[in-house]
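Novice: Handing over protein-v9.txt, compact mmCIF, C-alpha atoms.
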# COMPACT_ATOMS: atom_id res chain seq x y z
CA MET I 1 -12.46 -56.25 -53.91
CA PRO I 2 -15.84 -55.06 -52.58
CA SER I 3 -17.93 -53.08 -55.04
CA TYR I 4 -18.49 -49.81 -53.23
CA ARG I 5 -20.97 -47.34 -54.58
CA ILE I 6 -19.22 -43.98 -54.19
CA PRO I 7 -19.29 -40.56 -55.86
CA ASN I 8 -17.37 -40.65 -59.14
CA GLN I 9 -17.93 -37.08 -60.29
CA SER I 10 -14.65 -35.82 -58.77
CA ALA I 11 -12.73 -37.42 -61.63
CA TYR I 12 -14.76 -35.70 -64.35
CA PRO I 13 -15.95 -32.16 -65.09
CA LEU I 14 -19.64 -31.54 -64.48
CA PRO I 15 -21.88 -31.23 -67.56
CA GLN I 16 -22.54 -27.62 -68.50
CA ASN I 17 -25.40 -26.07 -66.47
CA ALA I 18 -25.78 -29.38 -64.65
CA SER I 19 -26.84 -28.01 -61.28
CA TRP I 20 -29.05 -31.06 -61.02
CA TRP I 21 -26.05 -33.45 -61.03
CA LYS I 22 -25.60 -34.99 -57.63
CA GLY I 23 -23.25 -37.82 -58.56
CA ASN I 24 -24.15 -41.43 -58.05
CA ALA I 25 -23.55 -41.70 -54.33
CA ASN I 26 -25.91 -43.74 -52.25
CA GLY I 27 -25.80 -41.33 -49.36
CA LYS I 28 -23.69 -38.72 -47.57
CA TRP I 29 -19.96 -39.19 -47.16
CA LYS I 30 -19.04 -40.93 -43.92
CA MET I 31 -15.80 -41.27 -41.99
CA ASN I 32 -14.39 -44.19 -43.99
CA ASP I 33 -15.66 -43.27 -47.46
CA MET I 34 -12.33 -41.94 -48.74
CA HIS I 35 -10.59 -45.13 -47.65
CA ARG I 36 -13.32 -47.23 -49.26
CA ALA I 37 -13.06 -45.23 -52.48
CA ARG I 38 -9.34 -45.84 -52.70
CA ALA I 39 -9.78 -49.51 -51.85
CA GLY I 40 -12.23 -49.78 -54.74
CA ASP I 41 -9.77 -48.07 -57.12
CA GLU I 42 -12.32 -45.36 -57.87
CA TRP I 43 -10.51 -42.52 -56.11
CA PRO I 44 -7.71 -40.99 -58.20
CA PRO I 45 -4.29 -41.51 -56.57
CA THR I 46 -2.49 -38.48 -55.21
CA THR I 47 0.19 -37.20 -57.60
CA ILE I 48 3.60 -36.83 -55.93
CA PRO I 49 5.93 -34.48 -57.82
CA PRO I 50 9.70 -34.97 -57.75
CA PRO I 51 11.62 -32.78 -55.26
CA ASN I 52 11.93 -29.10 -56.11
CA TYR I 53 15.55 -29.13 -54.95
CA ALA I 54 18.76 -31.14 -55.02
CA ASP I 55 21.21 -31.42 -52.13
CA GLY I 56 24.73 -32.49 -51.25
CA TYR I 57 28.09 -30.96 -50.34
CA PHE I 58 30.41 -28.36 -51.86
CA HIS I 59 34.12 -28.69 -51.03
CA ARG I 60 36.76 -25.96 -51.08
CA TYR I 61 39.74 -28.21 -51.75
CA ILE I 62 40.92 -29.26 -55.18
CA ASN I 63 43.49 -32.04 -55.42
CA GLN I 64 41.11 -34.94 -56.04
CA GLY I 65 39.35 -33.16 -58.89
CA HIS I 66 35.87 -33.04 -57.39
CA HIS I 67 34.15 -30.20 -55.58
CA TYR I 68 30.59 -31.51 -55.28
CA SER I 69 29.30 -34.76 -53.84
CA PRO I 70 25.81 -36.08 -53.10
CA ASN I 71 26.83 -37.16 -49.61
CA TRP I 72 29.75 -36.84 -47.24
CA LEU I 73 31.17 -40.30 -47.83
CA THR I 74 30.61 -40.60 -51.57
CA TYR I 75 34.25 -40.95 -52.59
CA ASN I 76 35.40 -42.65 -49.39
CA ASP I 77 38.70 -40.78 -49.31
CA THR I 78 40.34 -38.32 -46.98
CA TRP I 79 39.46 -35.38 -49.23
CA VAL I 80 35.73 -35.74 -48.71
CA ASN I 81 35.03 -37.51 -45.46
CA GLN I 82 38.08 -36.26 -43.56
CA THR I 83 39.32 -33.18 -45.50
CA ASN I 84 43.07 -33.63 -44.75
CA LEU I 85 43.31 -30.49 -42.62
CA ARG I 86 46.91 -31.02 -41.56
CA ASN I 87 47.77 -27.94 -39.49
CA GLN I 88 46.72 -26.57 -36.11
CA HIS I 89 45.39 -23.36 -34.67
CA SER I 90 44.07 -22.35 -31.29
CA ILE I 91 40.46 -21.90 -30.27
CA VAL I 92 40.32 -18.44 -28.67
CA SER I 93 37.19 -16.93 -27.14
CA GLY I 94 35.88 -14.00 -29.20
CA TRP I 95 37.79 -14.97 -32.35
CA PHE I 96 36.14 -16.41 -35.42
CA ASN I 97 36.63 -18.01 -38.82
CA ALA I 98 34.60 -16.89 -41.83
CA VAL I 99 34.31 -17.53 -45.58
CA ARG I 100 31.84 -16.21 -48.14
CA PHE I 101 30.04 -18.18 -50.85
CA ARG I 102 27.64 -17.59 -53.69
CA CYS I 103 25.77 -19.75 -56.16
CA THR I 104 25.46 -18.05 -59.54
CA THR I 105 22.83 -20.40 -60.95
CA HIS I 106 20.21 -21.14 -58.27
CA ASP I 107 18.69 -19.97 -55.02
CA TRP I 108 20.14 -22.17 -52.28
CA THR I 109 20.30 -22.98 -48.58
CA LEU I 110 23.45 -23.33 -46.45
CA GLN I 111 22.58 -26.19 -44.10
CA GLY I 112 25.89 -26.78 -42.31
CA ILE I 113 29.67 -26.37 -42.32
CA GLN I 114 32.47 -28.92 -42.12
CA HIS I 115 34.98 -27.85 -39.46
CA GLY I 116 38.38 -29.22 -38.55
CA ASN I 117 38.36 -31.51 -35.54
CA LYS I 118 40.46 -31.47 -32.38
CA THR I 119 44.02 -32.38 -33.39
CA SER I 120 44.97 -34.45 -30.36
CA SER I 121 43.30 -37.63 -29.22
CA GLY I 122 40.48 -37.52 -26.71
CA SER I 123 37.33 -35.42 -26.55
CA GLN I 124 36.86 -31.70 -26.00
CA THR I 125 33.74 -29.55 -26.06
CA LEU I 126 33.63 -26.75 -28.61
CA TYR I 127 31.49 -23.78 -27.55
CA TYR I 128 30.53 -21.75 -30.59
CA ARG I 129 27.97 -19.75 -32.54
CA ILE I 130 27.41 -19.83 -36.32
CA GLY I 131 25.88 -17.00 -38.33
CA VAL I 132 25.13 -16.46 -42.02
CA TRP I 133 24.84 -12.89 -43.34
CA GLU I 134 23.94 -11.52 -46.73
CA GLY I 135 26.93 -9.67 -48.13
CA ASN I 136 30.69 -9.85 -47.71
CA ASP I 137 30.96 -9.16 -43.97
CA VAL I 138 30.49 -10.71 -40.54
CA ASN I 139 27.89 -9.17 -38.20
CA ILE I 140 27.15 -6.18 -40.43
CA LEU I 141 23.49 -5.94 -41.39
CA THR I 142 23.27 -5.25 -45.11
CA GLY I 143 20.68 -6.58 -47.55
CA SER I 144 18.57 -9.16 -45.76
CA GLY I 145 20.94 -9.09 -42.79
CA LEU I 146 21.42 -12.12 -40.56
CA MET I 147 19.95 -15.13 -42.39
CA GLU I 148 20.84 -17.91 -39.93
CA ASP I 149 21.92 -17.90 -36.28
CA THR I 150 22.49 -21.02 -34.20
CA GLY I 151 22.66 -19.10 -30.94
CA SER I 152 25.25 -20.20 -28.37
CA VAL I 153 25.69 -23.98 -28.67
CA SER I 154 28.26 -26.68 -27.98
CA HIS I 155 29.56 -29.81 -29.69
CA VAL I 156 31.85 -32.54 -28.37
CA MET I 157 34.77 -33.14 -30.73
CA ASN I 158 36.58 -36.47 -30.55
CA GLY I 159 40.11 -35.92 -31.80
CA GLN I 160 42.05 -38.59 -33.67
CA GLY I 161 45.54 -37.12 -33.55
CA TRP I 162 47.97 -36.90 -36.48
CA PRO I 163 47.49 -36.39 -39.41
CA TYR I 164 44.74 -34.08 -38.08
CA ASN I 165 42.49 -35.14 -40.93
CA SER I 166 39.21 -35.76 -39.14
CA SER I 167 36.41 -33.21 -39.10
CA ASP I 168 32.85 -32.67 -37.94
CA PHE I 169 29.77 -31.20 -39.57
CA LEU I 170 28.15 -28.39 -37.59
CA LEU I 171 24.59 -27.53 -38.61
CA THR I 172 23.54 -23.90 -39.06
CA GLY I 173 19.89 -24.13 -37.96
CA ALA I 174 18.60 -22.76 -34.64
CA GLY I 175 20.26 -24.45 -31.69
CA GLY I 176 22.80 -26.11 -34.00
CA ALA I 177 20.56 -29.20 -34.00
CA THR I 178 18.94 -28.92 -37.44
CA ASP I 179 19.88 -27.99 -40.99
CA GLY I 180 19.81 -24.32 -41.89
CA THR I 181 16.62 -23.36 -43.72
CA ALA I 182 17.04 -19.78 -44.99
CA VAL I 183 16.71 -19.49 -48.77
CA LEU I 184 19.70 -17.55 -50.13
CA THR I 185 19.38 -15.61 -53.36
CA GLN I 186 21.10 -16.64 -56.56
CA ASN I 187 24.21 -14.66 -57.54
CA THR I 188 24.46 -12.94 -54.13
CA TRP I 189 27.40 -13.30 -51.72
CA TYR I 190 26.72 -14.74 -48.26
CA THR I 191 29.23 -14.91 -45.42
CA VAL I 192 29.26 -17.74 -42.88
CA ALA I 193 31.21 -17.36 -39.64
CA ILE I 194 31.85 -19.56 -36.63
CA LEU I 195 32.58 -17.64 -33.42
CA TYR I 196 34.36 -19.43 -30.59
CA GLU I 197 32.80 -18.62 -27.21
CA GLN I 198 35.23 -20.43 -24.94
CA SER I 199 39.00 -20.87 -25.32
CA TRP I 200 40.76 -24.20 -25.51
CA SER I 201 43.89 -24.40 -23.37
CA GLY I 202 46.72 -26.42 -24.87
CA THR I 203 44.58 -28.06 -27.56
CA TYR I 204 43.94 -27.08 -31.17
CA CYS I 205 41.63 -27.62 -34.12
CA ALA I 206 42.72 -28.63 -37.62
CA TYR I 207 42.91 -26.30 -40.62
CA SER I 208 44.60 -26.12 -44.00
CA TYR I 209 46.07 -23.44 -46.27
CA SER I 210 47.03 -23.10 -49.92
CA GLY I 211 50.76 -23.48 -49.36
CA ASP I 212 50.46 -26.75 -47.48
CA THR I 213 52.00 -29.49 -49.65
CA GLY I 214 50.40 -28.67 -52.96
CA GLY I 215 47.58 -26.37 -51.94
CA TYR I 216 44.31 -27.74 -50.65
CA TYR I 217 42.32 -24.63 -51.50
CA TYR I 218 42.14 -22.55 -54.63
CA PRO I 219 43.79 -19.12 -54.23
CA GLY I 220 41.38 -16.19 -53.95
CA THR I 221 38.00 -15.92 -55.62
CA GLN I 222 37.30 -19.10 -57.51
CA GLN I 223 34.74 -20.19 -60.06
CA TYR I 224 34.65 -23.85 -59.15
CA GLY I 225 32.55 -24.82 -62.12
CA THR I 226 29.32 -26.73 -62.39
CA GLY I 227 28.64 -29.67 -60.09
CA THR I 228 25.90 -32.28 -60.05
CA LEU I 229 23.50 -32.68 -57.13
CA THR I 230 20.38 -34.84 -56.90
CA ALA I 231 17.37 -35.53 -54.67
CA THR I 232 14.84 -38.37 -54.90
CA ASN I 233 11.39 -39.09 -53.53
CA ALA I 234 8.44 -41.32 -54.52
CA GLY I 235 7.71 -38.99 -57.44
CA GLY I 236 11.12 -39.24 -59.07
CA THR I 237 14.61 -37.73 -59.07
CA THR I 238 15.62 -34.11 -59.53
CA THR I 239 19.11 -33.35 -60.86
CA LEU I 240 20.51 -29.83 -60.75
CA TYR I 241 23.85 -28.37 -61.85
CA PRO I 242 24.82 -25.53 -59.48
CA TYR I 243 27.78 -23.22 -59.99
CA PHE I 244 29.47 -22.05 -56.77
CA GLU I 245 32.15 -19.52 -55.95
CA MET I 246 34.09 -18.87 -52.73
CA ASP I 247 36.23 -16.00 -51.39
CA ALA I 248 37.53 -14.39 -48.21
CA TYR I 249 35.10 -12.33 -46.17
CA GLY I 250 35.35 -8.53 -46.05
CA THR I 251 35.28 -7.09 -42.53
CA TYR I 252 33.31 -7.45 -39.30
CA GLY I 253 31.18 -5.32 -37.00
CA GLN I 254 29.95 -5.29 -33.41
CA GLY I 255 26.54 -5.42 -31.80
CA ASN I 256 23.48 -6.57 -33.75
CA GLY I 257 22.70 -9.09 -31.02
CA TRP I 258 25.97 -10.97 -31.38
CA PRO I 259 28.76 -11.30 -28.79
CA THR I 260 31.82 -9.06 -29.03
CA LEU I 261 34.12 -10.15 -31.86
CA SER I 262 37.82 -9.87 -31.05
CA GLY I 263 39.35 -10.86 -34.38
CA ASN I 264 39.58 -13.27 -37.29
CA TRP I 265 41.56 -16.44 -36.65
CA GLN I 266 43.57 -18.04 -39.47
CA SER I 267 40.75 -17.80 -41.99
CA SER I 268 40.76 -16.51 -45.57
CA GLY I 269 39.83 -17.52 -49.08
CA THR I 270 42.80 -19.90 -49.08
CA SER I 271 42.92 -21.14 -45.49
CA GLY I 272 40.92 -22.00 -42.42
CA PRO I 273 39.12 -24.92 -40.78
CA ILE I 274 35.88 -24.52 -42.81
CA SER I 275 36.56 -26.97 -45.61
CA SER I 276 33.08 -27.88 -46.94
CA ILE I 277 29.48 -26.73 -46.74
CA LYS I 278 26.29 -28.77 -46.75
CA ILE I 279 23.91 -27.28 -49.33
CA LYS I 280 20.42 -27.51 -50.78
CA VAL I 281 19.93 -25.99 -54.24
CA TRP I 282 16.42 -24.97 -55.34
CA GLN I 283 14.84 -25.26 -58.78
What do you get writing this file as structure tokens?
Specialist:
Amino acid sequence: MPSYRIPNQSAYPLPQNASWWKGNANGKWKMNDMHRARAGDEWPPTTIPPPNYADGYFHRYINQGHHYSPNWLTYNDTWVNQTNLRNQHSIVSGWFNAVRFRCTTHDWTLQGIQHGNKTSSGSQTLYYRIGVWEGNDVNILTGSGLMEDTGSVSHVMNGQGWPYNSSDFLLTGAGGATDGTAVLTQNTWYTVAILYEQSWSGTYCAYSYSGDTGGYYYPGTQQYGTGTLTATNAGGTTTLYPYFEMDAYGTYGQGNGWPTLSGNWQSSGTSGPISSIKIKVWQ
């Protein structure tokens, strides 16, 4: 390794009243001096802290005994990567599905929702809009108001047919193309809704409800318990233990920059096509 003569004072405090100290450089810094310093092992390496968050998925259904997973396919079963949404309901323009969530232990971000797929084979375009509001309601501006809004977007769903157990993740960021980014406050309810902006004729999307062969969702407000989520970078791994709850939304309003809402379609604390949410939990 070449022996570069470079300033070394950055690694040490200056002597008291040492205005005379100029380091031991042999001249002014030039374009490549930082690279040369690192190559000579005389520049302290940058410290990379572990992530200040953990991320994964929170699932509303119960029968497999897990509600949190670090990724969508972790358990490789129909309860996580397909959701087993075995029933059908129509997609009607102006109608919506909504559920509310809160994390009692951490600030968090709702990055996306898992939604039941088209129930018949073949593809169909879903035209929709997703919003996240602080509070118990859809399109009513309380607290911090509208936290996320995809705007009007579309997504092609490729149906698999019976048993209607396939699903898609729809992201909540602007344009529906990126993860949601709004930081949601610990121990505060937030309501997520998907509004359908164009009707499907003769085709349906999948959903489930608590009375369907053993109950896929907990009834009513539920304290799901603590789950484990992680995130890793070059600085290490962060593990957090969030505690989530879920319930039906309250009511809905009109205006506030959103299209006209005609009604709530098949959605409650114990039913609906929203079966999981993609989440990031902050330290």
Novice: What's the 9 Å shell around Leu261 in chain I, counting only C-alpha atoms, without same-chain residues fewer than 4 positions away, as a CSV table (one decimal) with C-alpha atoms, in the coordinates of the input?
Specialist:
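Output saved as selection38.csv:
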chain,number,residue,atom,x,y,z
I,93,SER,CA,37.2,-16.9,-27.1
I,94,GLY,CA,35.9,-14.0,-29.2
I,95,TRP,CA,37.8,-15.0,-32.4
I,96,PHE,CA,36.1,-16.4,-35.4
I,139,ASN,CA,27.9,-9.2,-38.2
I,195,LEU,CA,32.6,-17.6,-33.4
I,252,TYR,CA,33.3,-7.4,-39.3
I,253,GLY,CA,31.2,-5.3,-37.0
I,254,GLN,CA,30.0,-5.3,-33.4
I,255,GLY,CA,26.5,-5.4,-31.8
Novice: Pick the closest to Met147 in chain I from I:Ser123, I:Gly180, I:Gly161, I:Lys118: which is it, counting all atoms listed in the file?
Specialist: I:Gly180
Novice: One number please: CA of Ile279 in chain I to CA of Gly227 in chain I, in Å, one decimal.
Specialist: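 We find that CA of Ile279 in chain I and CA of Gly227 in chain I lie 12.0 Å from each other.
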Novice: What is the CA of Glu148 in chain I to CA of Ala182 in chain I distance in Å?
Specialist: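 Computing the Euclidean distance for CA of Glu148 in chain I and CA of Ala182 in chain I yields 6.6 Å.
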Novice: Using all atoms listed in the file, which residue out of I:Ser267, I:Asn158, I:Thr109, I:Thr150 lies closest to Thr178 in chain I?
Specialist: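 Looking at the shortest contact to Thr178 in chain I, the residue is I:Thr150.
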Novice: What is the CA of Asn117 in chain I-CA of Gly272 in chain I distance in Å, reported with one decimal?
Specialist: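 We find that CA of Asn117 in chain I and CA of Gly272 in chain I lie 12.0 Å from each other.
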Novice: Which one is closest to Tyr196 in chain I: I:Thr125, I:Ser276, I:Asn233, I:Asn136? Count all atoms listed in the file.
Specialist: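 Under the stated criterion, the closest residue is I:Thr125.
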Novice: I need the residue nearest Leu229 in chain I from this list: I:Gly269, I:Gly143, I:Pro242, I:Gly112. Use all atoms listed in the file for the distance.
Specialist: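 That would be I:Pro242, the residue with the smallest distance to Leu229 in chain I.
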Novice: For a quick check of understanding, using all atoms listed in the file, which of I:Gln198, I:Thr230, I:Gln124, I:Asn87 has the smallest distance to Trp282 in chain I?
Specialist: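 Nearest candidate to Trp282 in chain I out of I:Gln198, I:Thr230, I:Gln124, I:Asn87: I:Thr230.
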Novice: Find the spatial neighbours of Gly176 in chain I, counting only C-alpha atoms, within a cut-off of 9 Å - ignore same-chain residues fewer than 4 positions away - and output them as a list of chain:residue names.
Specialist: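 Once the nearby chain positions are removed, what remains is I:Gly112, I:Arg129, I:Ile130, I:Asp149, I:Thr150, I:Gly151, I:Ser152, I:Val153, I:Ser154, I:His155, I:Leu170, I:Leu171, I:Thr172, I:Gly180.
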Novice: Which of these, I:Lys278, I:His106, I:Arg100, I:His89, has the shortest distance to Tyr53 in chain I once you count only C-alpha atoms?
Specialist: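 Of I:Lys278, I:His106, I:Arg100, I:His89, the one nearest Tyr53 in chain I is I:His106, counting only C-alpha atoms.
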